[in-house]
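Quick notes on the structure that follows.
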Amino acid sequence: MRFEKDNGALVFFRKGEQVRIESWGKNSFRVRAGMRPKFTGSRWALTEEVEEVKTQILVEEVDHWVGDGSIDKRERATIVNGRIKAVVNHAGVITFYKDDHVILREYFRLYDGTISKESRCLKIINRRWKGIIGGSEYALNVKFESNKGEKIFGMGQYQQECMDLKGCVLELAHRNSQICVPFAVSSLGYGFLWNNPAVGRVTFGNNYYEWIARSTKEMDYWITAGENPREILENYTAVTGRAGKFPEELMGLWQCKLRYRTQEEVLTVARQYQKEGIKIDQIVIDFFHWTLQGDWKFDKTYWPDPKAMVDELHSMGIKVIVSVWPSVDRKSENFGPMMERGLLMRTERGAAQTYDFQGDCVEIDVFNPETRKYVWEVCKKNYYDFGIDAFWLDNSEPDLGEYDFENYRYYDGPALSVSNLYPQMFSRTFYDEMSRDNDSVVNLLRCGWAGSQKYGNVIWSGDVPSTFEAFADQIQCGLNMGLAGISWWTTDVGGFMTDDVNDPDFRQLLIRWYQFAVYSPVLRMHGDRGPYNIPPLDDRDWGGGYLHTGQPNELWSYGEENYAIMRNYYDIRISMHDYIKSLYEEASRNGSPLLRAMFYEFPEDEKCWELQDQYMFGSRYLVAPILKLDQFSREVYLPKGQWRLTSQGEIFEGGRSVTVDAPITYMPVFEKLS
C-alpha cells in the first residue's frame, strides 16, 4: 500500500490498482480507480468546470491490533473538502464522513491478520476487477456498507411502486419507460453519482450496497455532502449542468396524439382550438409522417407543403415539433450511405438488424461525430429549414428489437461500456446545432442520463399503460427524476395505451391524469387511443398513409362534461404562468425540480420522507392526485404551517393529516400560506 499526494488529490496504489480521490466542487469528491497506469480522461456526466478548493491531506501511521495480540503500525490517509472527509485505511477501504459522522463506507470482508469488523474469511473485497477475456475492459463490482434506517431516492425512472429505493435492485440500463440516471439522494445528507455509462446493476440491499458495471475501463463516482436535498441537488447540478432557459411560450398546453396523418389534420385541429379560444403552445407531429424510417422527411402525398403549414401555425402562435427516430430502414435512401460510412450501430454476431418495428432497421451510432453531422444535415434540410421549431426524439434509449447489450458496439466502444450515454448523445445531435443561434432549445425525449438536463431535454415517462396503477407509478417516477437532476419531465396524459376511449373508467382516469399534469412541468396531451377502426389512408406498405392512427385526443374529444373540466383546468394552468415561469428560472439557477418530493421542501418533517402519493409543485402548492377509480375523497398530510384548500378557500392548520372531498371536477390542491 502506497499513498501519494498529487496536485491536491490523494492517490494510493495497492495490488496493481490505482485509486485517486480529489475535490470536485463544494463539499464533494470524485473517486476514480483502475488497473491501468493512466485514467482515460473521460468526464462523462461531470462536464462543468468547478472552482478549485483547498483540500487538507494527511498521511499518518496508526496502531492496529493484529491476530497474535500485538500492535502493528499501518498507514492511513485522510482528505478533507469542507464538510466531507474521506479516510483510507491500510487495506484501501474508503470511509466517507459528513461533519465527522460516517455517511458511506466501502464493504470489506477479508481476513488480513487484524482484528476488526471487516476481518472475516469471506474473501469479499470492496472493489473487484475481473478482466474480460479478449478485451481491455473489466467487469467491476463495488460494494458499500448498508446504513440502517437510510432512505434512498433519485436514480431516474423505474416503473415500480417503490419511491424509496432502499431494498431495491435496479438495472443500470435504459428501456422504453425505464431511464437510468445514476444519482442517488440519501436521507443521511449525501448524494452519490455513479459516473459510469456502462450497463450494469445496483442493489441497495439491507446487508450491503453493490454497484456493478459489466464492462468498463475504470471506476468513477462522485459523492457530495449537503445540509438537505436542496443543497445536495445544487451541488450535483453545479458539476453536471443545469437546465437552460425554458421559453415562456411553451408553459401552457402541448397538443399531441397518435397520430396526425396529414398536414390538413394538423391544421384542422389547430384551427378548432383557435375557434374554441384555447391557445395551444405547441402541436406535435408524430411518427410515420415520413416515407420510411431513416428518410427523415415528410411524405409529400400527405404533407405537400410543410412550410405553408408551419407558417399558418406560427401565425396562430403555435410552435411545431416533429418526431425523429434513430432507426434506419434498409429501404431508406440514407441506409446505404450510412452503412458504407460506418454511421450505424454494429452487431457483434448475426444480422445487422437492431430494431424491427415496421421495418428491418439499424439504429444510428450517435457516438460517431460524423453520424451526428449527417443526421442533423438531413433533418435541417427536411424540417428545420421549413421552420420546424423542435424535435421529438422518440425511441431515444434506443429501443431495440432485443435488449441484448453485449451484441452491440458503438464508435466509442462496446455497448456494455457506453450504452447509457446514448440518449444524451442523440439529444446533442440536435441541441449542439440548434443552440448555436437559440438560447432556449427545447426538444422532447423518451430517455436521458446524468447531465441530460443541460441539453434542452423535456423527458417524458414513455409508453405506459392507461391504468390507475401506472398513473400512481408515474408520481414516484417524476419525483425521483427530479431528485436525479431532471427538472423538465412530463407524461402522456391518460397514459399511452388505451383500448377504448369510450370506456367511462378510462375517461375518469384521463381527467385525474390531466388534473395532475396541470401541476407538472409540461402539460401535454398524448396517447394511442383505441379502438382501431379508422381505415388507413392508402394500401401501400410504406409512407405516411398505411399505418393506423388512434382516436381523436383533443380536449373536446371526451364529451361535454369532461371538456368543461379540462377547460377549467386549462384556465388554472394559464393563471399560474408567472409562478411556473419562476419555477423554471429556479431550476436554471440551482437545479431544483418543479415536481418536488415532500421532503425536498420539508426535510425536518420525518413524515414527509414517507410520502409518495402527494408532492409539492414548487414551494407554494401541495398537490394530492387521485390515484384510484371512483375515489372522491382522500387523506392529505399537511406539514406545519397554514394551508388554503384552493377549491373552497378553507384554511387548515398543518402538522396533521386531513380528509378532503375530491369530486371528479376537482383534485385536492393546497396553497402554502405560512
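The chains in the C-alpha cells are called A, B, ... from first to last as shown; in each chain the residues are counted from 1, and the ligands are counted from 1 in the order shown.
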
- Query: Got a sec to tell me which of range 295-471 of chain A DSSP assigns to helix (DSSP H, G or I), as a PyMOL selection string?
  - Reply: chain A and resi 306-315+335-340+369-382+384-386+405-407+415-434+452-455+468-471

Which residues in range 98-324 of chain A does DSSP call strand (DSSP E)? List them as a PDB file with C-alpha atoms, in the first residue's frame.
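Done, and the output landed in result35.pdb:
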ATOM      1  CA  LYS A  98     -20.065  14.370   6.769  1.00  0.00           C
ATOM      2  CA  HIS A 101     -20.324  11.331  11.030  1.00  0.00           C
ATOM      3  CA  VAL A 102     -19.995   8.253   8.785  1.00  0.00           C
ATOM      4  CA  ILE A 103     -22.280   8.503   5.760  1.00  0.00           C
ATOM      5  CA  LEU A 104     -20.855   5.782   3.487  1.00  0.00           C
ATOM      6  CA  ARG A 105     -18.196   3.120   3.848  1.00  0.00           C
ATOM      7  CA  ARG A 127     -13.549  -3.141  -5.380  1.00  0.00           C
ATOM      8  CA  ARG A 128     -13.360  -6.252  -7.506  1.00  0.00           C
ATOM      9  CA  TRP A 129     -11.958  -6.226 -11.038  1.00  0.00           C
ATOM     10  CA  LYS A 130     -12.423  -9.165 -13.378  1.00  0.00           C
ATOM     11  CA  GLY A 131     -10.800  -8.908 -16.791  1.00  0.00           C
ATOM     12  CA  TYR A 138     -13.126  -5.224 -16.848  1.00  0.00           C
ATOM     13  CA  ALA A 139     -16.267  -6.297 -15.080  1.00  0.00           C
ATOM     14  CA  LEU A 140     -16.350  -4.128 -11.956  1.00  0.00           C
ATOM     15  CA  ASN A 141     -18.056  -4.748  -8.632  1.00  0.00           C
ATOM     16  CA  VAL A 142     -18.000  -2.062  -5.909  1.00  0.00           C
ATOM     17  CA  LYS A 143     -19.627  -2.642  -2.530  1.00  0.00           C
ATOM     18  CA  PHE A 144     -20.569  -0.318   0.337  1.00  0.00           C
ATOM     19  CA  GLU A 145     -21.902  -0.953   3.805  1.00  0.00           C
ATOM     20  CA  ILE A 152     -32.533   6.441  -0.898  1.00  0.00           C
ATOM     21  CA  PHE A 153     -34.188   8.366  -3.722  1.00  0.00           C
ATOM     22  CA  GLY A 154     -33.424   9.536  -7.248  1.00  0.00           C
ATOM     23  CA  MET A 155     -31.751   7.213  -9.773  1.00  0.00           C
ATOM     24  CA  GLY A 156     -34.063   8.241 -12.608  1.00  0.00           C
ATOM     25  CA  GLN A 157     -37.234   6.452 -13.610  1.00  0.00           C
ATOM     26  CA  VAL A 169     -32.426  -3.869  -7.294  1.00  0.00           C
ATOM     27  CA  LEU A 170     -32.169  -1.556 -10.320  1.00  0.00           C
ATOM     28  CA  GLU A 171     -30.861  -2.356 -13.766  1.00  0.00           C
ATOM     29  CA  LEU A 172     -28.356   0.251 -14.903  1.00  0.00           C
ATOM     30  CA  ILE A 179     -34.472   5.681 -17.527  1.00  0.00           C
ATOM     31  CA  CYS A 180     -31.208   5.139 -15.687  1.00  0.00           C
ATOM     32  CA  VAL A 181     -29.946   8.402 -14.186  1.00  0.00           C
ATOM     33  CA  PRO A 182     -27.491   7.018 -11.594  1.00  0.00           C
ATOM     34  CA  PHE A 183     -27.598   9.777  -8.987  1.00  0.00           C
ATOM     35  CA  ALA A 184     -28.929   8.856  -5.547  1.00  0.00           C
ATOM     36  CA  VAL A 185     -30.016  11.204  -2.757  1.00  0.00           C
ATOM     37  CA  SER A 186     -29.685   9.813   0.765  1.00  0.00           C
ATOM     38  CA  TYR A 190     -25.284  12.936   0.881  1.00  0.00           C
ATOM     39  CA  GLY A 191     -25.652  12.451  -2.849  1.00  0.00           C
ATOM     40  CA  PHE A 192     -23.884   9.761  -4.871  1.00  0.00           C
ATOM     41  CA  LEU A 193     -23.316   9.730  -8.640  1.00  0.00           C
ATOM     42  CA  TRP A 194     -22.192   6.526 -10.337  1.00  0.00           C
ATOM     43  CA  GLY A 200     -24.897  -2.972 -15.033  1.00  0.00           C
ATOM     44  CA  ARG A 201     -26.878  -3.173 -11.834  1.00  0.00           C
ATOM     45  CA  VAL A 202     -27.171  -1.507  -8.444  1.00  0.00           C
ATOM     46  CA  THR A 203     -28.551  -3.153  -5.331  1.00  0.00           C
ATOM     47  CA  PHE A 204     -29.455  -1.013  -2.321  1.00  0.00           C
ATOM     48  CA  TYR A 208     -24.796  -4.071   1.545  1.00  0.00           C
ATOM     49  CA  TYR A 209     -24.976  -1.787  -1.484  1.00  0.00           C
ATOM     50  CA  GLU A 210     -23.498  -3.102  -4.698  1.00  0.00           C
ATOM     51  CA  TRP A 211     -22.710  -1.294  -7.944  1.00  0.00           C
ATOM     52  CA  ILE A 212     -21.860  -3.412 -10.985  1.00  0.00           C
ATOM     53  CA  ALA A 213     -20.516  -2.325 -14.373  1.00  0.00           C
ATOM     54  CA  ARG A 214     -20.473  -5.230 -16.799  1.00  0.00           C
ATOM     55  CA  SER A 215     -17.730  -3.736 -18.962  1.00  0.00           C
ATOM     56  CA  THR A 216     -15.574  -0.726 -18.103  1.00  0.00           C
ATOM     57  CA  GLU A 218     -12.261   2.358 -14.719  1.00  0.00           C
ATOM     58  CA  MET A 219     -14.348   3.088 -11.678  1.00  0.00           C
ATOM     59  CA  ASP A 220     -15.653   6.638 -11.410  1.00  0.00           C
ATOM     60  CA  TYR A 221     -18.039   8.008  -8.815  1.00  0.00           C
ATOM     61  CA  TRP A 222     -18.764  11.372  -7.209  1.00  0.00           C
ATOM     62  CA  ILE A 223     -20.068  11.999  -3.716  1.00  0.00           C
ATOM     63  CA  THR A 224     -21.284  15.196  -2.072  1.00  0.00           C
ATOM     64  CA  ALA A 225     -22.455  16.215   1.394  1.00  0.00           C
ATOM     65  CA  LEU A 253     -50.762  23.245 -23.397  1.00  0.00           C
ATOM     66  CA  TRP A 254     -48.971  20.948 -25.874  1.00  0.00           C
ATOM     67  CA  GLN A 255     -51.308  19.060 -28.209  1.00  0.00           C
ATOM     68  CA  ILE A 280     -52.072  25.690 -27.664  1.00  0.00           C
ATOM     69  CA  ASP A 281     -48.369  26.400 -27.383  1.00  0.00           C
ATOM     70  CA  GLN A 282     -47.097  23.514 -29.464  1.00  0.00           C
ATOM     71  CA  ILE A 283     -48.539  20.839 -31.716  1.00  0.00           C
ATOM     72  CA  VAL A 284     -46.714  17.568 -32.206  1.00  0.00           C
ATOM     73  CA  ILE A 285     -46.427  15.665 -35.480  1.00  0.00           C
ATOM     74  CA  LYS A 319     -44.816  26.050 -32.308  1.00  0.00           C
ATOM     75  CA  VAL A 320     -44.325  22.844 -34.312  1.00  0.00           C
ATOM     76  CA  ILE A 321     -42.404  19.752 -33.234  1.00  0.00           C
ATOM     77  CA  VAL A 322     -41.801  16.633 -35.369  1.00  0.00           C
ATOM     78  CA  SER A 323     -40.893  13.081 -34.440  1.00  0.00           C
ATOM     79  CA  VAL A 324     -37.435  11.789 -35.360  1.00  0.00           C
TER      80      VAL A 324
END

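Take the candidates A:Pro423, A:Gly189, A:Pro521, A:Pro197 and check each one against Ser42 in chain A using only C-alpha atoms; the shortest distance goes to A:Pro197.
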
Nearby residues (only C-alpha atoms) at most 9 Å from Tyr615 in chain A, same-chain spacing under 4 positions excluded, as a PDB file with N, CA, C and O atoms, in the first residue's frame:
ATOM      1  N   ILE A 475     -46.145   9.135 -10.508  1.00  0.00           N
ATOM      2  CA  ILE A 475     -45.877  10.162  -9.492  1.00  0.00           C
ATOM      3  C   ILE A 475     -44.484   9.963  -8.919  1.00  0.00           C
ATOM      4  O   ILE A 475     -43.669  10.884  -8.894  1.00  0.00           O
ATOM      5  N   LEU A 479     -41.006  12.302  -9.331  1.00  0.00           N
ATOM      6  CA  LEU A 479     -40.299  12.808  -8.154  1.00  0.00           C
ATOM      7  C   LEU A 479     -38.855  12.325  -8.140  1.00  0.00           C
ATOM      8  O   LEU A 479     -37.929  13.093  -7.848  1.00  0.00           O
ATOM      9  N   LEU A 595     -41.339  19.489  -9.914  1.00  0.00           N
ATOM     10  CA  LEU A 595     -42.092  18.467  -9.207  1.00  0.00           C
ATOM     11  C   LEU A 595     -41.227  17.997  -8.037  1.00  0.00           C
ATOM     12  O   LEU A 595     -40.172  17.410  -8.243  1.00  0.00           O
ATOM     13  N   ARG A 596     -41.654  18.255  -6.801  1.00  0.00           N
ATOM     14  CA  ARG A 596     -40.776  18.060  -5.652  1.00  0.00           C
ATOM     15  C   ARG A 596     -41.359  17.077  -4.645  1.00  0.00           C
ATOM     16  O   ARG A 596     -42.524  17.191  -4.254  1.00  0.00           O
ATOM     17  N   ALA A 597     -40.528  16.141  -4.214  1.00  0.00           N
ATOM     18  CA  ALA A 597     -40.913  15.273  -3.102  1.00  0.00           C
ATOM     19  C   ALA A 597     -41.214  16.139  -1.886  1.00  0.00           C
ATOM     20  O   ALA A 597     -40.628  17.211  -1.698  1.00  0.00           O
ATOM     21  N   MET A 598     -42.105  15.667  -1.031  1.00  0.00           N
ATOM     22  CA  MET A 598     -42.482  16.450   0.145  1.00  0.00           C
ATOM     23  C   MET A 598     -41.270  16.798   1.000  1.00  0.00           C
ATOM     24  O   MET A 598     -41.158  17.908   1.533  1.00  0.00           O
ATOM     25  N   PHE A 599     -40.326  15.866   1.122  1.00  0.00           N
ATOM     26  CA  PHE A 599     -39.169  16.130   1.982  1.00  0.00           C
ATOM     27  C   PHE A 599     -38.209  17.138   1.376  1.00  0.00           C
ATOM     28  O   PHE A 599     -37.334  17.648   2.071  1.00  0.00           O
ATOM     29  N   LEU A 611     -43.832   9.882   2.304  1.00  0.00           N
ATOM     30  CA  LEU A 611     -44.941  10.137   1.391  1.00  0.00           C
ATOM     31  C   LEU A 611     -44.517  10.045  -0.070  1.00  0.00           C
ATOM     32  O   LEU A 611     -43.492  10.604  -0.467  1.00  0.00           O
ATOM     33  N   TYR A 621     -47.472  25.059  -3.829  1.00  0.00           N
ATOM     34  CA  TYR A 621     -48.661  24.218  -3.943  1.00  0.00           C
ATOM     35  C   TYR A 621     -48.383  22.774  -3.531  1.00  0.00           C
ATOM     36  O   TYR A 621     -47.464  22.133  -4.056  1.00  0.00           O
ATOM     37  N   LEU A 622     -49.213  22.281  -2.622  1.00  0.00           N
ATOM     38  CA  LEU A 622     -49.202  20.870  -2.249  1.00  0.00           C
ATOM     39  C   LEU A 622     -50.288  20.182  -3.066  1.00  0.00           C
ATOM     40  O   LEU A 622     -51.460  20.561  -2.998  1.00  0.00           O
ATOM     41  N   VAL A 623     -49.889  19.169  -3.845  1.00  0.00           N
ATOM     42  CA  VAL A 623     -50.792  18.517  -4.790  1.00  0.00           C
ATOM     43  C   VAL A 623     -51.046  17.081  -4.333  1.00  0.00           C
ATOM     44  O   VAL A 623     -50.107  16.338  -4.035  1.00  0.00           O
ATOM     45  N   ALA A 624     -52.318  16.695  -4.299  1.00  0.00           N
ATOM     46  CA  ALA A 624     -52.714  15.348  -3.848  1.00  0.00           C
ATOM     47  C   ALA A 624     -53.510  14.672  -4.954  1.00  0.00           C
ATOM     48  O   ALA A 624     -54.750  14.729  -4.970  1.00  0.00           O
ATOM     49  N   PRO A 625     -52.853  14.020  -5.914  1.00  0.00           N
ATOM     50  CA  PRO A 625     -53.569  13.392  -7.033  1.00  0.00           C
ATOM     51  C   PRO A 625     -54.520  12.293  -6.563  1.00  0.00           C
ATOM     52  O   PRO A 625     -54.308  11.665  -5.518  1.00  0.00           O
TER      53      PRO A 625
END

Can you pull out the residues contacting range 350-355 of chain A? Cut-off 9 Å, using only C-alpha atoms, and skip same-chain residues under 4 positions away; I want them as a short mmCIF file (atom, residue, chain, number, x, y, z; two decimals) with N, CA and C atoms, in the first residue's frame.
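Okay, part-v2.cif is ready:
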data_model
loop_
_atom_site.label_atom_id
_atom_site.label_comp_id
_atom_site.auth_asym_id
_atom_site.auth_seq_id
_atom_site.Cartn_x
_atom_site.Cartn_y
_atom_site.Cartn_z
N SER A 327 -33.85 5.07 -35.92
CA SER A 327 -33.82 3.83 -36.71
C SER A 327 -33.80 4.14 -38.20
N VAL A 328 -33.06 3.31 -38.94
CA VAL A 328 -32.93 3.49 -40.39
C VAL A 328 -33.32 2.18 -41.07
N ASP A 329 -34.38 2.22 -41.86
CA ASP A 329 -34.84 1.06 -42.61
C ASP A 329 -33.86 0.75 -43.74
N MET A 345 -25.10 1.54 -35.84
CA MET A 345 -24.70 0.57 -34.82
C MET A 345 -24.21 -0.71 -35.48
N ARG A 346 -23.31 -1.38 -34.79
CA ARG A 346 -22.82 -2.67 -35.27
C ARG A 346 -23.23 -3.79 -34.31
N GLY A 359 -40.39 -2.52 -39.99
CA GLY A 359 -39.28 -2.48 -40.94
C GLY A 359 -38.06 -3.21 -40.41
N ASP A 360 -37.15 -3.48 -41.31
CA ASP A 360 -35.86 -4.10 -40.99
C ASP A 360 -34.86 -2.96 -40.80
N CYS A 361 -34.56 -2.63 -39.55
CA CYS A 361 -33.87 -1.38 -39.26
C CYS A 361 -32.58 -1.58 -38.47
N VAL A 362 -31.70 -0.61 -38.60
CA VAL A 362 -30.50 -0.49 -37.78
C VAL A 362 -30.47 0.92 -37.22
N GLU A 363 -30.16 1.06 -35.93
CA GLU A 363 -30.10 2.39 -35.33
C GLU A 363 -28.80 3.10 -35.66
N ASP A 399 -34.65 2.19 -28.42
CA ASP A 399 -35.46 0.98 -28.37
C ASP A 399 -34.78 -0.06 -29.27
N LEU A 400 -34.71 -1.27 -28.79
CA LEU A 400 -34.02 -2.34 -29.52
C LEU A 400 -34.96 -3.52 -29.70
N GLY A 401 -34.78 -4.25 -30.80
CA GLY A 401 -35.57 -5.46 -31.00
C GLY A 401 -35.37 -6.43 -29.86
N GLU A 402 -34.17 -6.48 -29.32
CA GLU A 402 -33.82 -7.29 -28.17
C GLU A 402 -32.77 -6.52 -27.37
N ASN A 407 -24.37 -7.63 -27.57
CA ASN A 407 -24.29 -7.90 -29.00
C ASN A 407 -24.10 -6.63 -29.83
N TYR A 408 -24.01 -5.47 -29.19
CA TYR A 408 -23.93 -4.21 -29.94
C TYR A 408 -22.62 -3.48 -29.65
#

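Among the candidates A:Trp24, A:Tyr546, A:Tyr455, A:Phe617, the one nearest to Leu292 in chain A when counting only C-alpha atoms is A:Tyr546.
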
Per residue of range 426-485 of chain A within 10 Å of range 382-398 of chain A, which atom pair is closest and at what distance in Å (one decimal), using only C-alpha atoms, listed by chain and increasing number, as JSON lines?
{"residue": "A:Phe426", "atom": "CA", "partner": "A:Ser396", "partner_atom": "CA", "distance": 6.8}
{"residue": "A:Ser427", "atom": "CA", "partner": "A:Leu393", "partner_atom": "CA", "distance": 7.2}
{"residue": "A:Phe430", "atom": "CA", "partner": "A:Phe391", "partner_atom": "CA", "distance": 8.0}
{"residue": "A:Tyr431", "atom": "CA", "partner": "A:Phe391", "partner_atom": "CA", "distance": 9.6}
{"residue": "A:Met434", "atom": "CA", "partner": "A:Ala390", "partner_atom": "CA", "distance": 9.0}
{"residue": "A:Val441", "atom": "CA", "partner": "A:Ala390", "partner_atom": "CA", "distance": 7.7}
{"residue": "A:Val442", "atom": "CA", "partner": "A:Ala390", "partner_atom": "CA", "distance": 6.5}
{"residue": "A:Asn443", "atom": "CA", "partner": "A:Phe391", "partner_atom": "CA", "distance": 5.2}
{"residue": "A:Leu444", "atom": "CA", "partner": "A:Trp392", "partner_atom": "CA", "distance": 4.6}
{"residue": "A:Leu445", "atom": "CA", "partner": "A:Leu393", "partner_atom": "CA", "distance": 4.9}
{"residue": "A:Arg446", "atom": "CA", "partner": "A:Asp394", "partner_atom": "CA", "distance": 5.6}
{"residue": "A:Cys447", "atom": "CA", "partner": "A:Glu397", "partner_atom": "CA", "distance": 5.6}
{"residue": "A:Gly448", "atom": "CA", "partner": "A:Glu397", "partner_atom": "CA", "distance": 7.6}
{"residue": "A:Trp449", "atom": "CA", "partner": "A:Glu397", "partner_atom": "CA", "distance": 9.7}
{"residue": "A:Asn457", "atom": "CA", "partner": "A:Leu393", "partner_atom": "CA", "distance": 9.5}
{"residue": "A:Val458", "atom": "CA", "partner": "A:Trp392", "partner_atom": "CA", "distance": 9.4}
{"residue": "A:Ile459", "atom": "CA", "partner": "A:Leu393", "partner_atom": "CA", "distance": 9.7}
{"residue": "A:Trp460", "atom": "CA", "partner": "A:Asp394", "partner_atom": "CA", "distance": 9.8}
{"residue": "A:Gly462", "atom": "CA", "partner": "A:Asn395", "partner_atom": "CA", "distance": 9.0}

- Might you pull out every residue within 9 Å of Gly342 in chain A, with only C-alpha atoms counted and same-chain residues fewer than 2 positions away left off, and present them as a ChimeraX atom specification? /A:337-340,344-346,365,368,371,411

- Query: Nearest to Val59 in chain A: which of A:Gly41, A:Arg2, A:Gln424, A:Leu267 is it, counting only C-alpha atoms?
  - Reply: A:Arg2

- Looking at only C-alpha atoms, which of A:Lys257, A:Arg589, A:Arg175, A:Lys148 is the one that sits closest to Asn206 in chain A? A:Lys148

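Distance-wise, CA of Gly527 in chain A and CA of Asp539 in chain A end up 24.5 Å apart.
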
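If only C-alpha atoms are the atoms counted, then among A:Val31, A:Ile79, A:Leu510, A:Ala450 the closest residue to Ile57 in chain A is A:Ile79.
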
- Residue neighbourhood Tyr260 in chain A, 7 Å, only C-alpha atoms, exclusion window fewer than 5 positions, as a PyMOL selection string: chain A and resi 265-266+285-286

- Note on the structure: One decimal place gives the CA of Lys85 in chain A-CA of Asp100 in chain A separation as 7.5 Å
